[in-house]
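**Student:** Let me give you the structure first, and then I'll get to my questions.
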Amino acid sequence: MLFIVDYRPGVHASSSVTVCLITYTKRFGQSSCGVRTTKRALCVSDAGKRGRGVFATTRIPKGDAVLSFRGKEKWIWAIPMELWQYAFQVDYDKYIVPRRHSYGWFLNHSCEPNSVILGRTGVVALRDISKGEEITIDYSTNVGWDGFEMNCRCGEIRCRRQIRSYRYLTDERKAYYGRYVSQFLLESKKA
Ligand SMILES: [Zn+2]
């Protein structure tokens with residue numbers, strides 16, 4: 001099957017999002033991007049029931065920087081409610097709304113992610129990521145708002161079904177992520 005994903009030149013001309021032409025095979029690893037790219041090894045493509053997602057267009061070794069959330073940090077009440085689902089928390093009540101159609105906009109959650117948060121806005125590879133694999137993070141590792149609730153259908157064996165703030169992760173899971181969670185959570189006594 002051949003997908004032309006989100007091909008809107010008018011939008012992408014000023015955006016960091018790549019324009020992808022991906023040939024899907026059963027083995028994701030054989031996907032290839034005919035890409036106009038301004039960033040390293042990523043593109044936005046169809047992620048099935050998760051909507052669109054961010055995919056690696058080349059192998060990304062464990063520990064490598066994958067992407068960084070960019071944008072002005074805003075107080076939550078300055079962000080329109082319809083954009084909350086895209087907002088990336090960087091501090092208590094402070095969020096970045098990624099540029100529309102940027103990688104940060106499309107980055108999906110998994111309960112068994114291949115990438116993790118580093119510092120305030122960084123995302124790094126938790127393990128080696130294969131070419132064609134979707135980039136995911138665990139949303140609980142950057143959420144400090146206890147009212148946050150999101151149903152999950154990531155399909156992983158360890159899927160928590162409901163995603164909540166960092167505080168609700170088990171001690172085992174917190175230990176697993178270690179320092180690879182948002183900086184403000186590490187510094188906070190509330191978490
Ligand atoms: Zn899940």
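Chain lettering (A, B, ...) mirrors the order of the structure tokens, residue numbering begins at 1 for each chain separately, and ligand numbering begins at 1 in order of display.
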Residues of segment 104-181 of chain A that have any atom at most 12 Å from an atom of segment 86-90 of chain A: could you tabulate them with the shortest-distance atom pair and the distance in Å to one decimal, using only C-alpha atoms, ordered by chain and increasing number, as JSON lines?
**Tutor:**
{"residue": "A:Gly104", "atom": "CA", "partner": "A:Tyr86", "partner_atom": "CA", "distance": 7.9}
{"residue": "A:Trp105", "atom": "CA", "partner": "A:Tyr86", "partner_atom": "CA", "distance": 5.7}
{"residue": "A:Phe106", "atom": "CA", "partner": "A:Tyr86", "partner_atom": "CA", "distance": 8.0}
{"residue": "A:Leu107", "atom": "CA", "partner": "A:Tyr86", "partner_atom": "CA", "distance": 8.9}
{"residue": "A:Asn108", "atom": "CA", "partner": "A:Tyr86", "partner_atom": "CA", "distance": 9.9}
{"residue": "A:His109", "atom": "CA", "partner": "A:Tyr86", "partner_atom": "CA", "distance": 11.5}
{"residue": "A:Ile117", "atom": "CA", "partner": "A:Val90", "partner_atom": "CA", "distance": 10.6}
{"residue": "A:Leu118", "atom": "CA", "partner": "A:Val90", "partner_atom": "CA", "distance": 11.1}
{"residue": "A:Gly119", "atom": "CA", "partner": "A:Val90", "partner_atom": "CA", "distance": 9.2}
{"residue": "A:Arg120", "atom": "CA", "partner": "A:Val90", "partner_atom": "CA", "distance": 5.8}
{"residue": "A:Thr121", "atom": "CA", "partner": "A:Val90", "partner_atom": "CA", "distance": 6.9}
{"residue": "A:Gly122", "atom": "CA", "partner": "A:Val90", "partner_atom": "CA", "distance": 10.4}
{"residue": "A:Val123", "atom": "CA", "partner": "A:Phe88", "partner_atom": "CA", "distance": 11.7}
{"residue": "A:Ile137", "atom": "CA", "partner": "A:Phe88", "partner_atom": "CA", "distance": 11.6}
{"residue": "A:Asp138", "atom": "CA", "partner": "A:Phe88", "partner_atom": "CA", "distance": 11.9}
{"residue": "A:Tyr139", "atom": "CA", "partner": "A:Phe88", "partner_atom": "CA", "distance": 8.9}
{"residue": "A:Ser140", "atom": "CA", "partner": "A:Gln89", "partner_atom": "CA", "distance": 10.3}
{"residue": "A:Thr141", "atom": "CA", "partner": "A:Gln89", "partner_atom": "CA", "distance": 9.7}
{"residue": "A:Asn142", "atom": "CA", "partner": "A:Gln89", "partner_atom": "CA", "distance": 5.9}
{"residue": "A:Val143", "atom": "CA", "partner": "A:Gln89", "partner_atom": "CA", "distance": 6.0}
{"residue": "A:Gly144", "atom": "CA", "partner": "A:Gln89", "partner_atom": "CA", "distance": 7.7}
{"residue": "A:Trp145", "atom": "CA", "partner": "A:Gln89", "partner_atom": "CA", "distance": 8.8}
{"residue": "A:Phe148", "atom": "CA", "partner": "A:Gln89", "partner_atom": "CA", "distance": 11.3}
{"residue": "A:Ser165", "atom": "CA", "partner": "A:Gln89", "partner_atom": "CA", "distance": 10.8}
{"residue": "A:Tyr166", "atom": "CA", "partner": "A:Gln89", "partner_atom": "CA", "distance": 11.5}
{"residue": "A:Val181", "atom": "CA", "partner": "A:Val90", "partner_atom": "CA", "distance": 10.5}
**Student:** Produce a file of the selected residues containing C-alpha atoms, as a tab-separated table (two decimals), in the first residue's frame.
**Tutor:**
chain	number	residue	atom	x	y	z
A	104	GLY	CA	6.19	17.43	18.91
A	105	TRP	CA	2.62	17.85	17.72
A	106	PHE	CA	2.40	14.25	16.54
A	107	LEU	CA	4.55	12.44	19.11
A	108	ASN	CA	2.43	9.61	20.52
A	109	HIS	CA	2.35	7.88	23.88
A	117	ILE	CA	12.41	12.75	28.30
A	118	LEU	CA	15.72	14.36	29.14
A	119	GLY	CA	15.88	17.73	30.89
A	120	ARG	CA	13.13	20.22	30.21
A	121	THR	CA	12.31	19.60	26.54
A	122	GLY	CA	14.58	16.89	25.17
A	123	VAL	CA	13.60	13.44	23.92
A	137	ILE	CA	7.31	8.48	24.91
A	138	ASP	CA	5.39	7.75	28.10
A	139	TYR	CA	3.21	10.82	28.64
A	140	SER	CA	3.21	10.20	32.38
A	141	THR	CA	6.89	11.13	32.45
A	142	ASN	CA	6.19	14.76	31.71
A	143	VAL	CA	2.83	15.31	33.37
A	144	GLY	CA	2.63	16.79	36.85
A	145	TRP	CA	-1.03	17.77	36.77
A	148	PHE	CA	-4.67	14.40	33.80
A	165	SER	CA	0.40	12.00	36.01
A	166	TYR	CA	3.89	10.91	37.03
A	181	VAL	CA	11.58	12.19	33.15
**Student:** Would you give me, as an NGL selection string, the residues in segment 42-149 of chain A that DSSP reads as strand (DSSP E)?
**Tutor:** :A and (42-46 or 52-56 or 65-68 or 73-75 or 88-91 or 94-96 or 108-109 or 115-118 or 122-125 or 134-137)
**Student:** How would you write, as an NGL selection string, the set of residues no farther than 6 Å from ligand 1 when counting only C-alpha atoms and all ligand atoms?
**Tutor:** :A and (110-111 or 152-154 or 156 or 159-161)
**Student:** Name the residues in contact with Trp75 of chain A at a cut-off of 8 Å, using only C-alpha atoms, excluding same-chain residues fewer than 5 positions from it; report them as a CSV table (one decimal) with C-alpha atoms, in the first residue's frame.
**Tutor:**
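Wrote out_20.csv, looks like this:
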chain,number,residue,atom,x,y,z
A,93,ASP,CA,1.2,25.1,35.0
A,94,LYS,CA,3.7,25.8,32.2
A,95,TYR,CA,3.4,24.2,28.8
**Student:** Measuring between only C-alpha atoms, which one of A:Arg164, A:Arg179, A:Lys174, A:Arg127 shows the shortest distance to Pro61 of chain A?
**Tutor:**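 Residue with the minimum atom-to-atom distance to Pro61 of chain A: A:Arg127.
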**Student:** Excluding same-chain residues fewer than 6 positions from Thr57 of chain A, what lies within 6 Å of it counting only C-alpha atoms, as a PyMOL selection string?
**Tutor:** chain A and resi 41-42+131-132
**Student:** Would you mind telling me which residue in A:Ala56, A:Leu169, A:Ala65, A:Val124 lies nearest to Asp146 of chain A when using only C-alpha atoms?
**Tutor:**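 Closest to Asp146 of chain A, using only C-alpha atoms: A:Leu169.
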**Student:** Have a look at atom CA of Ala125 of chain A and atom CA of Leu67 of chain A and let me know their distance in Å, one decimal.
**Tutor:**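 Separating atom CA of Ala125 of chain A from atom CA of Leu67 of chain A is a distance of 9.5 Å.
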**Student:** For a test of reading the model, state the distance in Å between atom CA of Leu83 of chain A and atom CA of Asn151 of chain A, rounded to one decimal.
**Tutor:** 17.5 Å
**Student:** Nearest to Ala47 of chain A among A:Glu187, A:Gly63, A:Val116, A:Ile135, with distances taken over only C-alpha atoms: which residue is it?
**Tutor:**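 Distance minimum relative to Ala47 of chain A lands on A:Ile135.
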**Student:** If you run DSSP over the backbone, which residues in segment 8-177 of chain A end up alpha helix (DSSP H)? Put them as number ranges by chain.
**Tutor:** A: 9-12, 103-106, 171-177
